[in-house]
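Taking it in order: structure first as structure tokens, then the write-up.
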Amino acid sequence: MHQYLLPSIFNCPKNRYSHSFTQLATQLNLKLRLNLITTGSLLLLMLAGIGLSFNNARMNTLAEIASAEKSTLALFDSWLIGALPSNASEANANKINLGTFKLQQLSHMRHLKIELVDNSNRLLDSNQLASTDKLSNPAPAWFVRMLNHTMPQWQPKIRGLSYNSQPLAKLIITPDPSYEYAEIWKQMTDLLVLLALFFICVNLMIAWAIAQALKPTSSILAALDNIEKGDLDVRLPTFQLPELARIGQKFNHMIATLQKSILQNHTLTQQLIHLQEIERKSLARDLHDEFGQCLTAIQTDASVILKHARKKYPELHASASAITQLSRHLMDLVSGLLQKLRPSVLDELGLALALRDLVETAQLRFGNIAFTLNLDKAADLGKEILDETKSLVTYRLVQECLTNIARHAEATTVEIDVCAQAKNNKAGIAVKVSDNGKGFDASKTESANFLGFGLLGMRERVEGLGGDFTIDSSAKNGTKISAWIPLKAPN
């Protein structure tokens with residue numbers, strides 16, 4: 001039955017004991033685990049040492065009592081040979097002086113009670129008659145019981161004294177391990193005190209050694225935190241331990257390689273963005289110069305045909321009117337494409353007016369949303385400080401945010417802030433676009449399903465310029481997109 005019951009207990013996922021133990025184990029850090037392991041190991045060693053000492057003391061007690069018994073019997077036998085009469089004519093029990101064997105001389109054998117009694121069991125002599133000393137440090141009762149439990153049952157040894165088959169007296173040797181137990185108890189307590197001091201000192205030394213050995217982990221964790229925040233200039237110091245020194249070298253090499261790769265990616269991104277803007281500028285120029293002029297000519301010719309068709313060719317009036325409307329629609333489409341490809345107002349009037357024009361256009365297109373634009377003098381910086389690329393990135397960022405808000409946010413208010421802001425002792429321009437829309441899970445902002453490829457591209461553009469790009473959003477609490485773009489240092 002037990003072989004089926006035990007697995008069910010340990011494998012049950014709802015077992016609160018195993019769950020609590022697992023949860024506790026996961027919460028213990030490495031330093032505490034190592035300290036617990038060393039403490040447990042020392043405790044096991046101490047218990048083993050105590051057990052070994054206890055067993056040695058027990059064996060020594062048995063051996064000493066047995067040796068004392070043999071010595072006493074040997075002394076008694078020697079005395080007996082000299083005390084008995086040498087010939088048969090003197091063989092009279094009354095002439096045997098039993099008092100010549102002084103048991104008081106054996107009073108030093110305190111772990112033996114030696115008694116000499118006659119045939120009437122009357123005590124003639126004992127090694128403990130004059131002993132009135134009491135144990136100064138007797139062993140506790142529980143310790144005595146434990147020792148007695150591990151010892152053989154103490155039995156007195158009796159040596160009879162007779163002559164010519166006539167019993168004269170008896171020598172009774174009774175083991176009395178009280179003094180031995182007291183000595184064992186004193187030895188054990190002294191050993192326990194010594195082991196306790198040893199345990200405390202060794203634990204403190206090991207804890208200090210572990211703390212020193214794991215001290216570099218705080219530097220590693222701090223470096224990882226800085227990397228998580230985007231600081232790739234962090235480096236680990238040279239550690240003294242060979243293992244940690246190799247980890248530090250590999251870590252620094254990895255970060256240097258990562259930093260170089262990111263810089264290369266940023267450089268490549270900027271090159272791609274530059275080529276993209278050149279292509280857009282060329283395409284916008286071609287649309288404006290070629291396609292736009294052709295549409296203008298078609299519009300003009302259609303207007304002339306429509307004017308003459310009203311009077312002379314009524315049957316052509318409908319076709320001419322359709323051509324006029326279609327050409328006007330195409331001109332509006334081309335104008336919108338030109339605005340997306342290359343906002344001419346940005347090149348002609350600067351960032352501030354371009355942003356105002358962008359917000360006003362959005363307000364006209366999306367009348368159910370209230371747009372607010374807050375600008376300070378940072379938005380009016382000229383091209384000598386805010387170059388074309390950074391002005392265009394700022395404009396594109398606001399443009400992409402407004403487009404996403406209109407499509408997905410279901411917001412009623414949108415606030416755009418563009419202001420000067422220094423960061424890390426570097427001048428820059430900060431852009432914040434916030435709305436009161438439905439928002440989304442900020443923990444999934446790296447997914448294109450939430451950001452869209454437009455904002456992902458904006459992140460690449462901003463970070464490629466050495467700036468920062470963050471998104472703060474949660475369900476039903478709106479979205480706030482913040483970007484910081486470093487400015488070009490003034491001449």
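Quick note on naming: the chains in the structure tokens go A, B, ... in the order shown, residues restart at 1 in each chain, and ligands are numbered from 1 in order of appearance.
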Next on the checklist: If we count only C-alpha atoms and set the cut-off at 9 Å, which residues sit around Ala66 in chain A, ignoring sequence neighbours fewer than 5 positions away in its own chain? Please answer as a list in words.
Outcome noted: Thr61, Ser71 and Pro175 of chain A
Export, as a JSON list (two decimals), in the first residue's frame, the selected residues with N, CA and C atoms.
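The new file again-v8.json reads:
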```json
[["chain", "number", "residue", "atom", "x", "y", "z"],
["A", 61, "THR", "N", 35.12, 3.61, 29.57],
["A", 61, "THR", "CA", 34.51, 3.30, 30.87],
["A", 61, "THR", "C", 34.44, 1.81, 31.12],
["A", 71, "SER", "N", 42.39, -5.72, 38.77],
["A", 71, "SER", "CA", 43.44, -5.30, 39.70],
["A", 71, "SER", "C", 43.04, -5.58, 41.14],
["A", 175, "PRO", "N", 30.39, -2.52, 40.40],
["A", 175, "PRO", "CA", 30.75, -1.35, 39.58],
["A", 175, "PRO", "C", 29.91, -0.13, 39.97]]
```
Can you tell me, as a CSV table (one decimal) with N, CA and C atoms, in the first residue's frame, what residues are no more than 10 Å from Ile298 in chain A when counting only C-alpha atoms, ignoring any on the same chain fewer than 2 positions away?
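The new file out.csv reads:
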```csv
chain,number,residue,atom,x,y,z
A,292,GLY,N,2.6,66.2,-62.1
A,292,GLY,CA,1.8,67.3,-61.7
A,292,GLY,C,1.5,68.2,-62.9
A,293,GLN,N,2.6,68.5,-63.7
A,293,GLN,CA,2.4,69.4,-64.8
A,293,GLN,C,1.4,68.7,-65.9
A,294,CYS,N,1.6,67.4,-66.1
A,294,CYS,CA,0.7,66.7,-67.0
A,294,CYS,C,-0.8,66.8,-66.5
A,295,LEU,N,-1.0,66.6,-65.2
A,295,LEU,CA,-2.3,66.7,-64.7
A,295,LEU,C,-2.9,68.1,-64.8
A,296,THR,N,-2.0,69.1,-64.6
A,296,THR,CA,-2.4,70.5,-64.8
A,296,THR,C,-2.8,70.8,-66.2
A,300,THR,N,-6.5,71.7,-67.5
A,300,THR,CA,-6.8,73.0,-68.3
A,300,THR,C,-7.5,72.6,-69.6
A,301,ASP,N,-7.0,71.6,-70.3
A,301,ASP,CA,-7.7,71.2,-71.6
A,301,ASP,C,-9.1,70.7,-71.3
A,302,ALA,N,-9.3,70.0,-70.2
A,302,ALA,CA,-10.6,69.5,-69.9
A,302,ALA,C,-11.6,70.6,-69.6
A,303,SER,N,-11.0,71.7,-69.0
A,303,SER,CA,-11.9,72.9,-68.7
A,303,SER,C,-12.3,73.6,-70.0
A,304,VAL,N,-11.3,73.7,-70.9
A,304,VAL,CA,-11.7,74.3,-72.2
A,304,VAL,C,-12.7,73.5,-73.0
A,323,ILE,N,-13.8,64.1,-67.0
A,323,ILE,CA,-12.3,64.2,-67.1
A,323,ILE,C,-11.9,65.3,-66.2
A,324,THR,N,-12.6,66.4,-66.1
A,324,THR,CA,-12.3,67.5,-65.2
A,324,THR,C,-12.3,67.0,-63.7
A,326,LEU,N,-12.0,63.9,-62.6
A,326,LEU,CA,-11.0,62.9,-62.4
A,326,LEU,C,-9.6,63.6,-62.3
A,327,SER,N,-9.3,64.5,-63.1
A,327,SER,CA,-8.0,65.2,-63.1
A,327,SER,C,-7.9,66.0,-61.8
A,328,ARG,N,-9.0,66.6,-61.3
A,328,ARG,CA,-8.9,67.3,-60.1
A,328,ARG,C,-8.6,66.3,-58.9
```
Checklist entry - Which parts of range 394-462 of chain A does DSSP call strand (DSSP E) when run on the backbone here, written out as an MDAnalysis selection string? => result chainID A and resid 413:420 428:435
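Candidate residues A:Ile65, A:Leu73, A:Ile305, A:Ala57 were compared for distance to His317 in chain A, and the nearest is A:Ile305, using only C-alpha atoms.
Using only C-alpha atoms, the nearest neighbour of Ile369 in chain A within the list A:Asp468, A:Glu115, A:Glu415, A:Glu69 is A:Glu415.
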Checklist outcome for this item: With distances taken over only C-alpha atoms, the candidate from A:Ala245, A:Leu373, A:Leu32, A:Ala352 nearest Tyr395 in chain A is A:Ala352
Checklist entry - Could you pull out all residues of range 240-470 of chain A with a DSSP call of alpha helix (DSSP H) and give them as a VMD selection string? => result chain A and resid 242 to 286 292 to 309 317 to 341 344 to 349 351 to 365 388 to 404 448 to 464
Checklist entry - Which one is closest to Lys480 in chain A: A:Gly467, A:Gly437, A:Gly367, A:Gly160? Count only C-alpha atoms. => result A:Gly437
